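Written out below as structure tokens is the structure these notes cover.
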Amino acid sequence: MVFCEIGSMKMLHKAVIVLLSFVVVLVSVKGDVEITEQPLSKIDIHSAVIDLHDGAFVKAYPSVLGVNISIFDRKTALTDCLGVFGIVLCYIRRTVNSADVERGEDIEWVTVELKHPKSSNDDWIGVFSPAQFNASTCFVENDPKQQSPYICSAPIKYTFANYSNAGYAQTGKTTLKFQIINQRADYSFALFSGGLSNPKLVAYSNFISFKNPKAPLYPRLAIGKSWNEMTVTWTSGYNIDIATPFVSWGVSGQRATRSPAGTLTFHQNSMCGSPARTVGWRDPGFIHTSFLENLWPNTKYVYKLGHKLANGKYIWSKKTYSFMSPPYPGQESLQRVIIFGDMGKGERDGSNEYNNYQPGSLNTTDQLINDIDNIDIVFHIGDIVYSNGYISQWDQFTSQVEPIASAVPYMIASGNHERDWPDSGSFYDGKDSGGECGVPAETTFYVPAENRAKFWYSTDYGMFRFCIADSEHDWREGTEQYKFIEQCFASVDRKKQPWLIFAAHRVLGYSSDKYYAAEGSFDEPLGRVSLQKLWQKYKVDIGFYGHVHNYERTCPIYQNTCVNSEKSHYSGTVNGTIHVVVGGAGAHLSEFAQINTTWSLYKDYDFGFVKMTAFNQSSLLFEYKKSKDGKVYDSFTISRDYRDVLACVHDGCEATTLAP
Ligand SMILES: [Fe+2]
């Protein structure tokens, strides 16, 4: 009976979310506009002025988030029992386990009512966190020319007041729904007139907050420096002087053990430039990483995040999570890998310009969540969040991918939107990181690099060896990174780990994207010049790239020439490396050049991701799936024996003597 009620409760909870999402989509009144820059950067927040209007108001509720209805007072609960949603909430109230009340929930829908007697279609609502957003919180640069603004931090999200009500400009009244995640501070909702470029503050709301803003949240897994070590990284508001972080974990069904966690953070002066150092700055909280060691292979483990306070009390994560430990390197078993780049984040409430910045992101995320039981490890190869200096977006991304990253290792690579900033050591001198210069990426996610500021690493997963490069640092012959790449290729025993994979964010291989075609080289300038001899010598199977937002697969290729005429079922010696662009996981799409090369076998101008399945040491299945339906649109197989990997290919022969 209890299980039945919990199941029904979950179904009702899902139904509410689906219904709210449907309402949001149904009443959207803005058309599609392609947005190629961070939407928050369109707000000229520094020039905001005060224009408070007595007849205007903004009201937000509930005022306390992350609590269950069962601890609301009787009057509130009775109000909530009215209407369709009220009946659902009251049902949840009756079925809740009292222990859940103490566990911090991290996501909630908030209702915002507003009225503006001088309404117009330029009116917009900004969600601010911390809720206090006037000049008292401003970080003052030591520059006498700089005037102190009224508001110095961008909202964490925004939407136009007419989003769910086309008649808003006439009536001056509307109700909006925002999905708010726990970001360790309180929230307020401010109404502005004057559009994004000339904001005038008309009214602001009451402050609302999660019951425990400091709660441990958003766990993300990554393989450690050895195959039998899983790292758990999460975010909280507890520094080590307040509480001791740890992970309680163990084999499912057996006694749990505890492992300590390290704690990191970064500061406003850790940022290299604006907006990360100015209007985009937001305190990232504390990032904890625990190392779960000596795992048994292919074993289900359960884990919980914990903080022990000085008074002996424990704060726990909202639930117990689980993962399967990696297989022993070389072990034959079913192994399934997801790879994509450039996913970014979306907003399920339609805010931030209706998700047109990364329109495929939520679809990709949802396809992976739906298939999570058939996924063993994920690689997101750069351009992770597209926060571009708006630090609040990192929490929102880790919240979005939590159902994936808390269940399977979520391995990332560094892209231009994580790292690039002038005069900061990045190989490219652009400003794509918005002043972050790699700091949030290198802190928020763990990768098993020797130095996380140099974002290259190798990792083994059963029959796979992955060599992950960092295209935002120099990779050419003679560099530190080049030595790493060769060492990664050379040190793998292909009898045991036959599937050798290279990945980098920018296209160091081949792409028909119009910008690369215009270069004439069909890759990042100097991209493959020094690498192709390594791919050939060490018989790398597949090279993956993002950066351009589409999908493309080449023939097995060496020095611009196809070295195998087969297109979908490779058997025996493959002869060259297959290069795959899989940068269409979410961000706005990139166009292909109007040129058909001999080496390009499949191109797709759509959102999607790749899944590789190794059945054993002789059989690999490669599939490209679209994010909108999860169906396979391109695929190939490789069937071969160990002797086919050893076989001599052009510029890939071991030395022999004439002696018998
Ligand atoms: Fe990129």
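Labels for the structure tokens follow display order: chains A, B, ..., residues from 1 in each chain, ligands from 1.
Every residue having at least one atom no farther than 7 Å from ligand 1 is included below, with only C-alpha atoms and all ligand atoms taken into account: Asp342, Gly382, Asp383, Gly415, Asn416, His417, His505, Arg506, Gly546, His547 and Val548 of chain A.
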Residues near Arg640 of chain A, cut-off 6 Å, only C-alpha atoms, skip fewer than 3 positions along chain, as a PyMOL selection string = chain A and resi 571-572+618
Leaving out Phe484 of chain A and any residue of its chain fewer than 3 positions from it, which residues lie within 12 Å of it when counting only C-alpha atoms, given as a PyMOL selection string?
-> chain A and resi 449-450+454-458+467-470+474-481+487-491+531+534
Kindly save the residues from that selection, with N, CA and C atoms included, as an mmCIF file, in the first residue's frame.
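The file below, result24.cif, is the result:
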data_model
loop_
_atom_site.group_PDB
_atom_site.id
_atom_site.type_symbol
_atom_site.label_atom_id
_atom_site.label_comp_id
_atom_site.auth_asym_id
_atom_site.auth_seq_id
_atom_site.Cartn_x
_atom_site.Cartn_y
_atom_site.Cartn_z
ATOM 1 N N ALA A 449 43.231 14.975 -14.763
ATOM 2 C CA ALA A 449 44.430 15.566 -15.346
ATOM 3 C C ALA A 449 45.471 15.752 -14.255
ATOM 4 N N GLU A 450 46.749 15.732 -14.638
ATOM 5 C CA GLU A 450 47.803 16.009 -13.665
ATOM 6 C C GLU A 450 47.637 17.428 -13.125
ATOM 7 N N LYS A 454 45.620 22.554 -17.113
ATOM 8 C CA LYS A 454 46.008 22.043 -18.441
ATOM 9 C C LYS A 454 45.124 20.833 -18.656
ATOM 10 N N PHE A 455 44.113 21.033 -19.460
ATOM 11 C CA PHE A 455 42.936 20.174 -19.424
ATOM 12 C C PHE A 455 43.093 18.942 -20.321
ATOM 13 N N TRP A 456 44.230 18.245 -20.281
ATOM 14 C CA TRP A 456 44.342 17.024 -21.065
ATOM 15 C C TRP A 456 44.534 15.842 -20.129
ATOM 16 N N TYR A 457 43.935 14.720 -20.506
ATOM 17 C CA TYR A 457 44.015 13.546 -19.635
ATOM 18 C C TYR A 457 43.670 12.291 -20.422
ATOM 19 N N SER A 458 44.022 11.163 -19.846
ATOM 20 C CA SER A 458 43.611 9.877 -20.426
ATOM 21 C C SER A 458 42.732 9.164 -19.411
ATOM 22 N N CYS A 467 41.897 9.363 -25.066
ATOM 23 C CA CYS A 467 42.922 10.385 -24.923
ATOM 24 C C CYS A 467 42.255 11.727 -25.216
ATOM 25 N N ILE A 468 42.037 12.503 -24.151
ATOM 26 C CA ILE A 468 41.276 13.747 -24.258
ATOM 27 C C ILE A 468 42.263 14.913 -24.320
ATOM 28 N N ALA A 469 42.231 15.632 -25.434
ATOM 29 C CA ALA A 469 43.155 16.752 -25.621
ATOM 30 C C ALA A 469 42.469 18.068 -25.251
ATOM 31 N N ASP A 470 43.282 19.104 -25.173
ATOM 32 C CA ASP A 470 42.798 20.447 -24.805
ATOM 33 C C ASP A 470 43.169 21.392 -25.947
ATOM 34 N N ASP A 474 48.255 24.833 -26.693
ATOM 35 C CA ASP A 474 49.003 24.399 -27.877
ATOM 36 C C ASP A 474 49.218 22.882 -27.849
ATOM 37 N N TRP A 475 48.909 22.228 -28.958
ATOM 38 C CA TRP A 475 49.021 20.776 -29.063
ATOM 39 C C TRP A 475 50.093 20.346 -30.066
ATOM 40 N N ARG A 476 50.766 21.327 -30.690
ATOM 41 C CA ARG A 476 51.634 20.977 -31.815
ATOM 42 C C ARG A 476 52.930 20.289 -31.362
ATOM 43 N N GLU A 477 53.617 19.704 -32.338
ATOM 44 C CA GLU A 477 54.830 18.935 -32.049
ATOM 45 C C GLU A 477 55.817 19.770 -31.233
ATOM 46 N N GLY A 478 56.386 19.164 -30.227
ATOM 47 C CA GLY A 478 57.348 19.873 -29.378
ATOM 48 C C GLY A 478 56.734 20.421 -28.111
ATOM 49 N N THR A 479 55.400 20.428 -28.030
ATOM 50 C CA THR A 479 54.765 20.970 -26.823
ATOM 51 C C THR A 479 54.579 19.879 -25.774
ATOM 52 N N GLU A 480 54.296 20.331 -24.564
ATOM 53 C CA GLU A 480 54.012 19.415 -23.450
ATOM 54 C C GLU A 480 52.785 18.550 -23.779
ATOM 55 N N GLN A 481 51.785 19.182 -24.395
ATOM 56 C CA GLN A 481 50.571 18.423 -24.693
ATOM 57 C C GLN A 481 50.801 17.357 -25.766
ATOM 58 N N GLN A 487 52.163 9.792 -25.646
ATOM 59 C CA GLN A 487 52.290 8.841 -24.542
ATOM 60 C C GLN A 487 50.969 8.101 -24.303
ATOM 61 N N CYS A 488 49.853 8.823 -24.423
ATOM 62 C CA CYS A 488 48.530 8.216 -24.220
ATOM 63 C C CYS A 488 48.280 7.129 -25.266
ATOM 64 N N PHE A 489 48.619 7.446 -26.513
ATOM 65 C CA PHE A 489 48.428 6.458 -27.593
ATOM 66 C C PHE A 489 49.373 5.268 -27.416
ATOM 67 N N ALA A 490 50.637 5.573 -27.092
ATOM 68 C CA ALA A 490 51.676 4.537 -27.102
ATOM 69 C C ALA A 490 51.550 3.577 -25.933
ATOM 70 N N SER A 491 50.908 3.991 -24.870
ATOM 71 C CA SER A 491 50.941 3.188 -23.641
ATOM 72 C C SER A 491 49.757 2.242 -23.491
ATOM 73 N N LEU A 531 49.393 16.124 -35.837
ATOM 74 C CA LEU A 531 48.734 15.007 -35.159
ATOM 75 C C LEU A 531 48.482 13.807 -36.062
ATOM 76 N N LEU A 534 50.586 10.841 -35.718
ATOM 77 C CA LEU A 534 50.368 10.072 -34.479
ATOM 78 C C LEU A 534 49.125 9.182 -34.609
#
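As for atom CA of Ser252 of chain A and atom CA of Thr613 of chain A, they are spaced 25.9 Å apart.
Nearest-residue note for Ser511 of chain A: choosing from A:Ser333, A:Thr597, A:Asn564, A:Ser325, the minimum distance belongs to A:Thr597, counting only C-alpha atoms.
Take atom CA of Glu353 of chain A and atom CA of Tyr163 of chain A: the distance between them is 9.6 Å.
The shortest atom-to-atom distance to Tyr461 of chain A, with only C-alpha atoms taken into account, belongs to A:Ile501 out of A:Cys437, A:Ile485, A:Ile501, A:Ile43.
Compared by their closest atoms to Pro245 of chain A, and using only C-alpha atoms, the residues A:Leu305, A:Ile542, A:Leu292, A:Ala203 rank with A:Leu305 nearest.
Residues within 8 Å of segment 104-109 of chain A, counting only C-alpha atoms and excluding same-chain residues fewer than 6 positions away, are Leu65, Gly66, Val67, Lys177, Phe178, Gln179, Ile180, Ile181, Asn182, Phe210, Lys211, Asn212, Ala215, Leu217, Ser317 and Lys318 of chain A.
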Generate a file of the selected residues that holds C-alpha atoms, formatted as a tab-separated table (two decimals), in the first residue's frame.
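Contents of out-v6.tsv, freshly written:
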chain	number	residue	atom	x	y	z
A	65	LEU	CA	11.11	26.75	-1.17
A	66	GLY	CA	12.24	23.20	-0.71
A	67	VAL	CA	9.80	22.36	2.04
A	177	LYS	CA	5.96	30.67	-13.56
A	178	PHE	CA	9.70	30.41	-12.92
A	179	GLN	CA	11.62	27.26	-12.18
A	180	ILE	CA	14.06	28.13	-9.41
A	181	ILE	CA	16.96	25.95	-8.31
A	182	ASN	CA	18.78	26.15	-5.01
A	210	PHE	CA	14.98	27.65	0.01
A	211	LYS	CA	14.57	26.16	3.46
A	212	ASN	CA	18.24	25.18	3.51
A	215	ALA	CA	22.20	22.09	1.13
A	217	LEU	CA	23.51	19.51	-4.26
A	317	SER	CA	21.78	15.06	0.33
A	318	LYS	CA	18.14	14.86	-0.63
Check the smallest atom-to-atom distance from each of A:Asn363, A:Gln331, A:Thr235, A:Asn269 to Lys214 of chain A using only C-alpha atoms, then report the winner.
-> A:Thr235
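Distance check against Val279 of chain A using only C-alpha atoms: of A:Ser47, A:Gln536, A:Asn165, A:Asn121, the minimum falls on A:Ser47.
One finds atom CA of Asp395 of chain A at 13.8 Å from atom CA of His288 of chain A.
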Could you pull the residues within 8 Å of Gly195 of chain A, counting only C-alpha atoms, minus those fewer than 5 positions along the same chain, as a count of residues only?
-> 3
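Counting only C-alpha atoms and comparing A:His307, A:Arg258, A:His650, A:Lys225, the residue that lies closest to Trp535 of chain A is A:His650.
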Picked from segment 182-323 of chain A by DSSP as strand (DSSP E), as an mmCIF file with C-alpha atoms, in the first residue's frame:
data_model
loop_
_atom_site.group_PDB
_atom_site.id
_atom_site.type_symbol
_atom_site.label_atom_id
_atom_site.label_comp_id
_atom_site.auth_asym_id
_atom_site.auth_seq_id
_atom_site.Cartn_x
_atom_site.Cartn_y
_atom_site.Cartn_z
ATOM 1 C CA SER A 188 13.746 38.439 -5.633
ATOM 2 C CA PHE A 189 11.857 39.259 -8.801
ATOM 3 C CA ALA A 190 12.170 42.735 -10.258
ATOM 4 C CA LEU A 191 9.999 44.396 -12.886
ATOM 5 C CA PHE A 192 11.761 46.667 -15.369
ATOM 6 C CA SER A 193 10.433 48.866 -18.127
ATOM 7 C CA LYS A 200 14.151 51.186 -15.343
ATOM 8 C CA LEU A 201 13.289 49.460 -12.070
ATOM 9 C CA VAL A 202 9.517 49.744 -11.578
ATOM 10 C CA ALA A 203 8.845 47.337 -8.696
ATOM 11 C CA TYR A 204 10.412 44.418 -6.880
ATOM 12 C CA SER A 209 14.409 31.386 -0.138
ATOM 13 C CA PHE A 210 14.976 27.645 0.014
ATOM 14 C CA LEU A 217 23.514 19.511 -4.260
ATOM 15 C CA TYR A 218 24.157 18.472 -7.847
ATOM 16 C CA PRO A 219 26.501 15.467 -7.486
ATOM 17 C CA ARG A 220 28.583 14.693 -10.555
ATOM 18 C CA LEU A 221 30.740 11.628 -11.044
ATOM 19 C CA ALA A 222 34.033 11.293 -12.870
ATOM 20 C CA ILE A 223 36.548 8.480 -13.122
ATOM 21 C CA MET A 230 35.214 7.125 -8.751
ATOM 22 C CA THR A 231 35.194 10.782 -7.811
ATOM 23 C CA VAL A 232 32.058 12.491 -6.522
ATOM 24 C CA THR A 233 31.965 16.267 -6.841
ATOM 25 C CA TRP A 234 29.146 18.433 -5.496
ATOM 26 C CA THR A 235 28.266 21.977 -4.479
ATOM 27 C CA SER A 236 27.162 23.330 -1.122
ATOM 28 C CA ALA A 243 31.018 21.499 8.430
ATOM 29 C CA THR A 244 33.133 18.558 7.353
ATOM 30 C CA PRO A 245 32.158 17.203 3.916
ATOM 31 C CA PHE A 246 32.179 13.484 3.149
ATOM 32 C CA VAL A 247 30.489 10.781 1.101
ATOM 33 C CA SER A 248 28.767 7.834 2.729
ATOM 34 C CA TRP A 249 28.969 4.959 0.259
ATOM 35 C CA GLY A 250 29.183 1.251 -0.252
ATOM 36 C CA VAL A 251 28.145 -1.788 -2.243
ATOM 37 C CA THR A 257 31.721 3.503 4.648
ATOM 38 C CA ARG A 258 32.695 7.173 4.686
ATOM 39 C CA SER A 259 35.291 8.958 2.575
ATOM 40 C CA PRO A 260 36.467 12.519 3.176
ATOM 41 C CA ALA A 261 36.102 15.248 0.581
ATOM 42 C CA GLY A 262 38.331 18.153 -0.374
ATOM 43 C CA THR A 263 36.831 21.631 -0.695
ATOM 44 C CA LEU A 264 37.557 24.291 -3.314
ATOM 45 C CA PHE A 286 31.949 25.440 -2.148
ATOM 46 C CA ILE A 287 32.891 22.610 -4.483
ATOM 47 C CA HIS A 288 33.641 19.314 -2.749
ATOM 48 C CA THR A 289 35.291 16.239 -4.263
ATOM 49 C CA SER A 290 35.533 12.838 -2.610
ATOM 50 C CA PHE A 291 37.571 9.928 -3.971
ATOM 51 C CA LEU A 292 35.890 6.535 -3.678
ATOM 52 C CA LYS A 300 26.547 -1.308 -8.080
ATOM 53 C CA TYR A 301 27.429 1.250 -5.399
ATOM 54 C CA VAL A 302 25.117 3.593 -3.530
ATOM 55 C CA TYR A 303 26.192 6.958 -2.109
ATOM 56 C CA LYS A 304 24.953 9.928 -0.152
ATOM 57 C CA LEU A 305 26.492 13.382 0.289
ATOM 58 C CA GLY A 306 27.074 14.445 3.878
ATOM 59 C CA HIS A 307 28.253 17.388 5.978
ATOM 60 C CA LYS A 308 28.962 16.997 9.659
ATOM 61 C CA LEU A 309 28.345 20.239 11.569
ATOM 62 C CA TYR A 314 24.479 15.827 9.957
ATOM 63 C CA ILE A 315 23.198 17.434 6.773
ATOM 64 C CA TRP A 316 22.483 14.856 4.053
ATOM 65 C CA TYR A 321 22.298 7.986 -5.472
ATOM 66 C CA SER A 322 23.855 4.991 -7.203
ATOM 67 C CA PHE A 323 26.367 4.115 -9.925
#
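Taking the backbone of this structure through DSSP, the residues of segment 149-193 of chain A that come out as helix (DSSP H, G or I) are Tyr168, Ala169, Gln170 and Thr171 of chain A.
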Those selected residues, please, written with N, CA and C atoms and delivered as a PDB file, in the first residue's frame.
ATOM      1  N   TYR A 168      -0.865  41.377 -21.981  1.00  0.00           N
ATOM      2  CA  TYR A 168      -0.266  42.076 -20.833  1.00  0.00           C
ATOM      3  C   TYR A 168      -0.139  43.585 -21.062  1.00  0.00           C
ATOM      4  N   ALA A 169       0.289  43.984 -22.269  1.00  0.00           N
ATOM      5  CA  ALA A 169       0.510  45.408 -22.524  1.00  0.00           C
ATOM      6  C   ALA A 169      -0.778  46.210 -22.338  1.00  0.00           C
ATOM      7  N   GLN A 170      -1.919  45.558 -22.591  1.00  0.00           N
ATOM      8  CA  GLN A 170      -3.198  46.264 -22.441  1.00  0.00           C
ATOM      9  C   GLN A 170      -3.682  46.236 -20.979  1.00  0.00           C
ATOM     10  N   THR A 171      -3.560  45.074 -20.335  1.00  0.00           N
ATOM     11  CA  THR A 171      -4.138  44.928 -18.996  1.00  0.00           C
ATOM     12  C   THR A 171      -3.186  45.343 -17.879  1.00  0.00           C
TER      13      THR A 171
END
